[in-house]
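Take a look at the structure below.
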Amino acid sequence: MFRSRIAIVSGDEKINLSYKKQLEAIFEKDVEIVLLSLKDGAESYLGFDLILSASPALYDEVKSKAPLNVEVINIVRSINLLELNKILSMDSGKNALVVSNILHSAQETIDLLKELGLNKINYIPYAPGCHRAEELISKSDFAIAAGTSHYVPEEIDNVIDLGNKIIDISTIVRILLHLDLPIERINLFTMRYLKVIISLNRKISDLRSTLIGVLDASTDGILAIDWQYNITFKNNVLEKFLNCRKSMIIGDNISKYINDKEILDFIKSYENKTSEVFKINNKDIILHKNYLKSDDKITGKVISFSYVSDIQDIEKEIRKKLSIKGNVARYDFCDIIGSSKPIKSATDISKKAAKTDLSVLLLGENGTGKELFAQAIHRNSLRSNGPFVAANFAALSEGLIESELFGYEDGAFTGAKKGGKPGLFELAHMGTIFLDEIGDAPLSLQAKLLRVIQEKEVLRVGGISPISIDVRVIAATNRDLKSMINDNLFRRDLYYRLNTITIKVPSLRERKEDIPEIIRYYNKTLYKKKCFSKEAFDLIMEYNWPGNVRELQNLIQYTVEIVEDECVQAEDLPIDILESIEAGHKQEQCDEDIVNFIENHDNINLIQEILNQLYLAELQYKRASRAYLEECLCEKGIPATINIIRRVLTELEELELVNIGSTKQGTKITSKGRAFLEKLRRCSR
């Protein structure tokens, strides 16, 4: 039996194979199909009844190689419709690199997609070696290929492959007519094509049913209207929000069911405002409005209806979960150890402050337990079920402090987390925020901080809409804020906003009678029974504890872990504590010697002026010899011979207030001498 012979010419082997399989499925054994390449010579094109060019871009070259008596037909191709849902799911405005082996084929794919109405994406034709390839790749969000994904550049990770294009029915008809084959073959191809369409419609129908089911399951009322305000969709819950006596009908105008002019104006308007709260049936309901678009033209609107109370309940639940994740106060007033008058006084006023919602300012040195007081106040307040969020200004980087406190929007700055991030003030909503080391807050941030506290709303970095917050503020510092105000380092208005209730947390040296109780408490928590010898305990009570309770806690942990004996001796104490006590003894002895020297000296004015002239000489980089001092004293009207000055300088050197150098070096005042001079000045005022 005679078989017709067809040649398919393409620039890509995979595309050639795809077309061959499609034609073999239609013509079966009636036609022999041979694949050719553009690289093949003209002799390879002999002996065929028909030659097919895979692309119009190849037609001229194929025609030049084909015998004159053989017809060359361009294959008309179409997209595999079953794969289009991959593109439908992409966001509008994205840039897609449409990839093929040649630019003409890529542009053909784009034209087919646009004919199908897929115009929401910006298509960029691409083929290997095309002009400005790097630029095209860099601005593409993803790639689209029609069986040509092997040409997609490696830089693009997200690829949608629609599968090989299918030969259009018009091309099949031309082949049948040219080869004089039975026309029934068209019916075979048509049936297969219809099966594809039916399958696609079934998928669309299933998707529509699923979408309607999802929208009906929503607790929000959802309404869709066209540009004439006629209802195109509504879910079952909507009628409950509008209290409709009868079912709403698709196609009716929305004004038939909503009589409130303000609500209708909001729904019909095209202003930038997309959310607003209305009173419907004595309930606060928030309406959200979004626009439906096709080819960048507004075709309708979608309005959702939500109860404000439901949103508030959800928000509370979210805040509660955030608290569980770590924003929670662990300490209460029972964790404040001590029965001395200073600590009792601070605890009593803190308990009273807890019953109010006023801002609190905690003053005290590092290690006194200011955060412990803040947590106890929160746990005994009306906000105890809300989060407790701590922000330490000394620990926050100045470059990131604003985004940490107030949050940021998606893309606000390089490295910003996708989707944005809530700030500490947002996390503290309906609870307490503890602003530790507030004295370290940059002056540039203090104005924004004041506004957040006063207006009760935050604006995220990169945001345009403020977010309302309900937060109680407790601040703490070890600095003298009043002095900082005088030096223009702290805002006066922020100070008075924070300083509604001031609580002074006493240092440990102000309540040394609490030390034994604190030692017992920490021993108990560490499950140890360490005791201290009388000599060791006396040293502990003598020590000034610059690190306060935190330092005492460290000492107890040190003795538990390092000292093997159950009773801690004086020599077992940390070396820095022993050295500090010894230095204190020396300082006390030195101070006592200075006091005795002053009390027994007959001319204290002479001593003060000598120290003063040495200090001034240091500032002016002058050499202070005895002759120089004699001249300065004479100008001040203080008679003093060289011998008297020599004797006084010798006495001052013994007290480490000055250093007497060689004749060329002169005498210099020491740091101890400068401190002593300052004391003398204060006494003489």
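Residue numbering restarts at 1 for every chain of the structure tokens, chains are lettered A, B, ... in their displayed order, and ligands are numbered from 1 as they appear.
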
| request: Do a neighbour search on Tyr307 in chain A at 9 Å with only C-alpha atoms, toss out local chain neighbours closer than 6 positions, and write the hits as a list in words. | output: Asp220, Phe241, Lys283, Asp284, Ile285 and Ile286 of chain A

| task | May I have all residues of range 31-82 of chain A that DSSP, computed from the backbone, assigns to helix (DSSP H, G or I), given as a list in words? | result | Ala42, Glu43, Ser44, Tyr45, Pro56, Ala57, Leu58, Tyr59, Asp60, Glu61, Val62, Lys63, Ser64, Lys65, Leu81 and Leu82 of chain A

Applying 9 Å and only C-alpha atoms, which residues near Leu358 in chain A remain after dropping the ones on its own chain fewer than 5 positions away? List them as a short mmCIF file (atom, residue, chain, number, x, y, z; two decimals) with N, CA and C atoms, in the first residue's frame.
```
data_model
loop_
_atom_site.label_atom_id
_atom_site.label_comp_id
_atom_site.auth_asym_id
_atom_site.auth_seq_id
_atom_site.Cartn_x
_atom_site.Cartn_y
_atom_site.Cartn_z
N ALA A 353 0.89 51.64 92.28
CA ALA A 353 0.99 52.00 90.87
C ALA A 353 0.36 50.93 89.98
N ARG A 472 0.50 50.30 78.04
CA ARG A 472 0.98 51.02 79.23
C ARG A 472 2.50 51.06 79.18
N VAL A 473 3.07 52.20 79.54
CA VAL A 473 4.52 52.38 79.46
C VAL A 473 5.13 52.40 80.86
N ILE A 474 6.12 51.53 81.05
CA ILE A 474 6.97 51.57 82.24
C ILE A 474 8.40 51.77 81.75
N LEU A 498 6.70 60.39 80.86
CA LEU A 498 7.07 59.12 81.50
C LEU A 498 7.00 59.19 83.02
N THR A 500 5.04 60.09 85.42
CA THR A 500 3.78 60.27 86.14
C THR A 500 3.91 59.72 87.56
N ILE A 501 4.44 58.49 87.67
CA ILE A 501 4.74 57.90 88.98
C ILE A 501 6.22 57.54 88.98
#
```

When you look at Lys293 in chain A with a cut-off of 12 Å (counting only C-alpha atoms), what residues show up, excluding the ones that are within fewer than 3 positions of it in the same chain? I need them as a PDB file with N, CA, C and O atoms, in the first residue's frame.
```pdb
ATOM      1  N   SER A  92      -0.998  39.944  39.014  1.00  0.00           N
ATOM      2  CA  SER A  92      -0.978  40.932  37.935  1.00  0.00           C
ATOM      3  C   SER A  92       0.274  41.802  38.018  1.00  0.00           C
ATOM      4  O   SER A  92       0.789  42.055  39.112  1.00  0.00           O
ATOM      5  N   GLY A  93       0.723  42.248  36.854  1.00  0.00           N
ATOM      6  CA  GLY A  93       1.852  43.170  36.816  1.00  0.00           C
ATOM      7  C   GLY A  93       3.212  42.512  36.877  1.00  0.00           C
ATOM      8  O   GLY A  93       4.241  43.193  36.805  1.00  0.00           O
ATOM      9  N   ASN A 119      -3.843  38.955  29.731  1.00  0.00           N
ATOM     10  CA  ASN A 119      -3.132  40.225  29.538  1.00  0.00           C
ATOM     11  C   ASN A 119      -2.640  40.861  30.834  1.00  0.00           C
ATOM     12  O   ASN A 119      -2.148  41.988  30.818  1.00  0.00           O
ATOM     13  N   LYS A 120      -2.789  40.179  31.947  1.00  0.00           N
ATOM     14  CA  LYS A 120      -2.430  40.792  33.235  1.00  0.00           C
ATOM     15  C   LYS A 120      -0.926  40.731  33.518  1.00  0.00           C
ATOM     16  O   LYS A 120      -0.459  41.314  34.489  1.00  0.00           O
ATOM     17  N   ASP A 226     -20.982  44.842  39.668  1.00  0.00           N
ATOM     18  CA  ASP A 226     -20.352  45.323  38.450  1.00  0.00           C
ATOM     19  C   ASP A 226     -20.284  46.851  38.475  1.00  0.00           C
ATOM     20  O   ASP A 226     -20.635  47.484  39.471  1.00  0.00           O
ATOM     21  N   TRP A 227     -19.853  47.446  37.362  1.00  0.00           N
ATOM     22  CA  TRP A 227     -19.644  48.902  37.348  1.00  0.00           C
ATOM     23  C   TRP A 227     -20.953  49.678  37.414  1.00  0.00           C
ATOM     24  O   TRP A 227     -20.962  50.881  37.661  1.00  0.00           O
ATOM     25  N   ASN A 290     -12.489  46.378  47.584  1.00  0.00           N
ATOM     26  CA  ASN A 290     -11.431  46.104  46.612  1.00  0.00           C
ATOM     27  C   ASN A 290     -12.014  46.180  45.204  1.00  0.00           C
ATOM     28  O   ASN A 290     -13.227  45.987  45.007  1.00  0.00           O
ATOM     29  N   ASP A 296      -6.413  46.319  33.172  1.00  0.00           N
ATOM     30  CA  ASP A 296      -6.192  47.567  33.908  1.00  0.00           C
ATOM     31  C   ASP A 296      -7.431  48.467  33.942  1.00  0.00           C
ATOM     32  O   ASP A 296      -7.338  49.645  34.293  1.00  0.00           O
ATOM     33  N   LYS A 297      -8.584  47.925  33.564  1.00  0.00           N
ATOM     34  CA  LYS A 297      -9.836  48.685  33.657  1.00  0.00           C
ATOM     35  C   LYS A 297     -10.682  48.112  34.781  1.00  0.00           C
ATOM     36  O   LYS A 297     -10.806  46.891  34.919  1.00  0.00           O
ATOM     37  N   ILE A 298     -11.263  49.004  35.589  1.00  0.00           N
ATOM     38  CA  ILE A 298     -12.104  48.560  36.702  1.00  0.00           C
ATOM     39  C   ILE A 298     -13.434  48.059  36.154  1.00  0.00           C
ATOM     40  O   ILE A 298     -14.149  48.785  35.457  1.00  0.00           O
ATOM     41  N   THR A 299     -13.750  46.794  36.447  1.00  0.00           N
ATOM     42  CA  THR A 299     -14.999  46.195  35.967  1.00  0.00           C
ATOM     43  C   THR A 299     -16.015  45.996  37.080  1.00  0.00           C
ATOM     44  O   THR A 299     -17.170  45.665  36.815  1.00  0.00           O
ATOM     45  N   GLY A 300     -15.581  46.166  38.308  1.00  0.00           N
ATOM     46  CA  GLY A 300     -16.500  45.981  39.425  1.00  0.00           C
ATOM     47  C   GLY A 300     -15.787  46.115  40.750  1.00  0.00           C
ATOM     48  O   GLY A 300     -14.626  46.545  40.814  1.00  0.00           O
ATOM     49  N   LYS A 301     -16.502  45.744  41.811  1.00  0.00           N
ATOM     50  CA  LYS A 301     -15.934  45.860  43.162  1.00  0.00           C
ATOM     51  C   LYS A 301     -16.319  44.649  43.995  1.00  0.00           C
ATOM     52  O   LYS A 301     -17.357  44.020  43.744  1.00  0.00           O
ATOM     53  N   VAL A 302     -15.483  44.343  44.985  1.00  0.00           N
ATOM     54  CA  VAL A 302     -15.793  43.322  45.987  1.00  0.00           C
ATOM     55  C   VAL A 302     -15.774  43.995  47.344  1.00  0.00           C
ATOM     56  O   VAL A 302     -14.795  44.659  47.697  1.00  0.00           O
TER      57      VAL A 302
END
```

| Close residues, range 674-679 of chain A itself excluded, 8 Å, only C-alpha atoms, min 3 positions apart in chain, as a list in words |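 Result of the neighbour search: Gln608, Leu611, Asn612, Tyr615, Leu657, Ile669, Thr670, Ser671, Arg682 and Cys683 of chain A.
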